[in-house]
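First up is the structure itself, then whatever we jot down about it.
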Amino acid sequence: MACAGMAITLPLLNGCSTPSQLIQASLNGDELQVPLTAFADKNYVIVRSKQLEFDVFVKKETDGTYKALLMRCTHRNNPVQRTSAGFVCHEHGSRFNEQGKVLTEPAVKNLTELPITINQSYINIKYRLP
Ligand code: FES
């Protein structure tokens, strides 16, 4: 069925995102598959997998391209939370903008951008921890 690896909407507990922006995805090899239909009425989603320690933020840019950011703080590898302006790590207060750029230390490295490929129906995100 075409729904293999398809997302299911789940309640969201973090940040300022709405429940419809959190989707559950299965890991296929080392890739997460996000259906392009997830962006029909929104410009970003947060992808979660039971198999992975960190969520992935996937944004559709205004030019129609997509960007995937690992939601892991680059200071000491704690999860970051979505905010209205980007991301925050509550462990020591680092902040990042929506492009993953460091705004507030102690983190000095930007959030990790994950490689993506797009086919007819899905965005495939290569999940790898640096
Ligand atoms: S682990 Fe994120 S600020 Fe220290």
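Here's how to read the names in the structure tokens: chain A, B, ... by the order shown, residue numbers from 1 in each chain, ligand numbers from 1 in the order shown.
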
**Study point:** Near-range 96-105 of chain A list (8 Å; only C-alpha atoms; drop same-chain fewer than 5 positions) as a ChimeraX atom specification
**Key:** /A:69,85-88,110-113

Output file for the selection above: N, CA and C atoms, as a compact mmCIF listing (two decimals), in the first residue's frame:
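Result file is result_29.txt:
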# COMPACT_ATOMS: atom_id res chain seq x y z
N LEU A 69 16.86 19.67 9.65
CA LEU A 69 17.80 19.94 10.74
C LEU A 69 17.62 18.91 11.85
N ALA A 85 10.71 31.49 17.18
CA ALA A 85 11.80 32.10 16.41
C ALA A 85 12.87 31.11 15.98
N GLY A 86 12.77 29.85 16.38
CA GLY A 86 13.79 28.88 16.04
C GLY A 86 13.79 27.73 17.02
N PHE A 87 14.90 27.60 17.76
CA PHE A 87 15.06 26.47 18.68
C PHE A 87 15.78 26.93 19.94
N VAL A 88 15.49 26.24 21.04
CA VAL A 88 16.19 26.51 22.28
C VAL A 88 16.58 25.18 22.92
N ASN A 110 26.44 25.47 14.53
CA ASN A 110 25.04 25.47 14.09
C ASN A 110 24.45 24.07 14.20
N LEU A 111 23.13 23.99 14.22
CA LEU A 111 22.47 22.69 14.19
C LEU A 111 22.89 21.95 12.92
N THR A 112 22.88 20.65 13.00
CA THR A 112 23.33 19.83 11.87
C THR A 112 22.25 19.72 10.81
N GLU A 113 22.62 20.07 9.59
CA GLU A 113 21.70 19.89 8.47
C GLU A 113 21.88 18.48 7.92

Exercise for review: Give the strand (DSSP E) residues of chain A, as assigned by DSSP on the backbone, as a PyMOL selection string.
Suggested key: chain A and resi 22-24+27-28+31-35+44-48+56-60+66-70+81-82+86-88+95-97+102-104+113-114+116-118+122-126

Those residues with C-alpha atoms, as a short mmCIF file (atom, residue, chain, number, x, y, z; two decimals), in the first residue's frame please?
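Wrote again.cif, looks like this:
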data_model
loop_
_atom_site.label_atom_id
_atom_site.label_comp_id
_atom_site.auth_asym_id
_atom_site.auth_seq_id
_atom_site.Cartn_x
_atom_site.Cartn_y
_atom_site.Cartn_z
CA LEU A 22 4.47 16.42 14.50
CA ILE A 23 4.54 13.30 12.38
CA GLN A 24 5.74 9.82 13.14
CA LEU A 27 13.32 4.44 9.58
CA ASN A 28 13.96 2.73 6.25
CA GLU A 31 16.53 7.18 5.92
CA LEU A 32 13.34 8.78 7.21
CA GLN A 33 10.57 9.20 4.69
CA VAL A 34 8.28 12.21 4.92
CA PRO A 35 5.34 12.41 2.53
CA TYR A 44 7.37 22.75 8.41
CA VAL A 45 6.97 19.47 10.24
CA ILE A 46 8.80 17.79 13.09
CA VAL A 47 9.56 14.16 12.33
CA ARG A 48 9.79 11.66 15.16
CA VAL A 56 14.19 16.15 12.78
CA PHE A 57 12.84 19.56 11.77
CA VAL A 58 11.92 19.71 8.09
CA LYS A 59 11.06 23.05 6.55
CA LYS A 60 9.73 23.98 3.16
CA TYR A 66 13.38 21.70 1.72
CA LYS A 67 15.80 21.70 4.62
CA ALA A 68 16.18 19.12 7.40
CA LEU A 69 17.80 19.94 10.74
CA LEU A 70 18.72 17.47 13.47
CA GLN A 81 12.81 22.50 21.43
CA ARG A 82 11.02 24.47 18.77
CA GLY A 86 13.79 28.88 16.04
CA PHE A 87 15.06 26.47 18.68
CA VAL A 88 16.19 26.51 22.28
CA ARG A 95 19.42 29.35 21.05
CA PHE A 96 19.35 28.80 17.29
CA ASN A 97 17.38 30.51 14.58
CA VAL A 102 23.64 29.76 16.67
CA LEU A 103 22.15 32.87 18.25
CA THR A 104 23.15 32.34 21.88
CA GLU A 113 21.70 19.89 8.47
CA LEU A 114 20.83 16.41 7.24
CA ILE A 116 17.79 14.98 1.77
CA THR A 117 16.61 13.66 -1.57
CA ILE A 118 13.16 14.09 -3.01
CA TYR A 122 8.52 11.64 -0.40
CA ILE A 123 11.36 13.57 1.10
CA ASN A 124 14.03 11.07 2.12
CA ILE A 125 16.19 12.26 4.99
CA LYS A 126 19.51 10.58 5.63
#

Ligand 1: which residues are within 9 Å, counting only C-alpha atoms and all ligand atoms? Reply as a PDB file with N, CA and C atoms, in the first residue's frame.
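Listing of out.pdb after writing:
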ATOM      1  N   ARG A  72      19.183  18.381  17.716  1.00  0.00           N
ATOM      2  CA  ARG A  72      20.149  18.028  18.767  1.00  0.00           C
ATOM      3  C   ARG A  72      21.087  19.203  18.971  1.00  0.00           C
ATOM      4  N   CYS A  73      21.183  19.661  20.199  1.00  0.00           N
ATOM      5  CA  CYS A  73      22.059  20.787  20.509  1.00  0.00           C
ATOM      6  C   CYS A  73      23.505  20.409  20.229  1.00  0.00           C
ATOM      7  N   THR A  74      24.229  21.352  19.639  1.00  0.00           N
ATOM      8  CA  THR A  74      25.625  21.087  19.301  1.00  0.00           C
ATOM      9  C   THR A  74      26.565  21.380  20.463  1.00  0.00           C
ATOM     10  N   HIS A  75      26.010  21.800  21.604  1.00  0.00           N
ATOM     11  CA  HIS A  75      26.869  22.012  22.765  1.00  0.00           C
ATOM     12  C   HIS A  75      27.185  20.669  23.433  1.00  0.00           C
ATOM     13  N   ARG A  76      26.160  20.014  23.945  1.00  0.00           N
ATOM     14  CA  ARG A  76      26.390  18.713  24.601  1.00  0.00           C
ATOM     15  C   ARG A  76      25.311  17.703  24.261  1.00  0.00           C
ATOM     16  N   ASN A  77      24.810  17.813  23.044  1.00  0.00           N
ATOM     17  CA  ASN A  77      23.943  16.768  22.482  1.00  0.00           C
ATOM     18  C   ASN A  77      22.647  16.515  23.243  1.00  0.00           C
ATOM     19  N   ASN A  78      22.022  17.568  23.707  1.00  0.00           N
ATOM     20  CA  ASN A  78      20.682  17.427  24.286  1.00  0.00           C
ATOM     21  C   ASN A  78      19.651  17.835  23.243  1.00  0.00           C
ATOM     22  N   PRO A  79      18.422  17.370  23.399  1.00  0.00           N
ATOM     23  CA  PRO A  79      17.384  17.761  22.438  1.00  0.00           C
ATOM     24  C   PRO A  79      17.116  19.261  22.503  1.00  0.00           C
ATOM     25  N   VAL A  80      16.839  19.863  21.355  1.00  0.00           N
ATOM     26  CA  VAL A  80      16.387  21.255  21.329  1.00  0.00           C
ATOM     27  C   VAL A  80      14.878  21.254  21.115  1.00  0.00           C
ATOM     28  N   VAL A  88      15.485  26.238  21.037  1.00  0.00           N
ATOM     29  CA  VAL A  88      16.190  26.508  22.285  1.00  0.00           C
ATOM     30  C   VAL A  88      16.581  25.183  22.921  1.00  0.00           C
ATOM     31  N   CYS A  89      17.738  25.193  23.565  1.00  0.00           N
ATOM     32  CA  CYS A  89      18.163  24.045  24.369  1.00  0.00           C
ATOM     33  C   CYS A  89      18.022  24.466  25.824  1.00  0.00           C
ATOM     34  N   HIS A  90      17.199  23.763  26.552  1.00  0.00           N
ATOM     35  CA  HIS A  90      16.933  24.152  27.938  1.00  0.00           C
ATOM     36  C   HIS A  90      18.028  23.696  28.891  1.00  0.00           C
ATOM     37  N   GLU A  91      18.985  22.916  28.399  1.00  0.00           N
ATOM     38  CA  GLU A  91      20.040  22.431  29.287  1.00  0.00           C
ATOM     39  C   GLU A  91      20.928  23.576  29.775  1.00  0.00           C
ATOM     40  N   HIS A  92      21.452  24.385  28.817  1.00  0.00           N
ATOM     41  CA  HIS A  92      22.321  25.515  29.199  1.00  0.00           C
ATOM     42  C   HIS A  92      21.942  26.806  28.488  1.00  0.00           C
ATOM     43  N   GLY A  93      20.830  26.787  27.767  1.00  0.00           N
ATOM     44  CA  GLY A  93      20.303  28.040  27.215  1.00  0.00           C
ATOM     45  C   GLY A  93      20.702  28.411  25.805  1.00  0.00           C
ATOM     46  N   SER A  94      21.359  27.541  25.078  1.00  0.00           N
ATOM     47  CA  SER A  94      21.703  27.889  23.693  1.00  0.00           C
ATOM     48  C   SER A  94      20.435  28.112  22.880  1.00  0.00           C
ATOM     49  N   ARG A  95      20.533  29.064  21.963  1.00  0.00           N
ATOM     50  CA  ARG A  95      19.420  29.346  21.051  1.00  0.00           C
ATOM     51  C   ARG A  95      19.925  29.325  19.622  1.00  0.00           C
ATOM     52  N   THR A 104      22.700  32.159  20.500  1.00  0.00           N
ATOM     53  CA  THR A 104      23.151  32.336  21.879  1.00  0.00           C
ATOM     54  C   THR A 104      24.013  31.146  22.270  1.00  0.00           C
ATOM     55  N   GLU A 105      25.198  31.406  22.793  1.00  0.00           N
ATOM     56  CA  GLU A 105      26.071  30.339  23.287  1.00  0.00           C
ATOM     57  C   GLU A 105      25.535  29.810  24.610  1.00  0.00           C
ATOM     58  N   PRO A 106      26.006  28.670  25.100  1.00  0.00           N
ATOM     59  CA  PRO A 106      27.350  28.137  24.890  1.00  0.00           C
ATOM     60  C   PRO A 106      27.564  27.352  23.584  1.00  0.00           C
ATOM     61  N   ALA A 107      26.536  26.924  22.880  1.00  0.00           N
ATOM     62  CA  ALA A 107      26.786  26.225  21.615  1.00  0.00           C
ATOM     63  C   ALA A 107      27.501  27.184  20.661  1.00  0.00           C
TER      64      ALA A 107
END
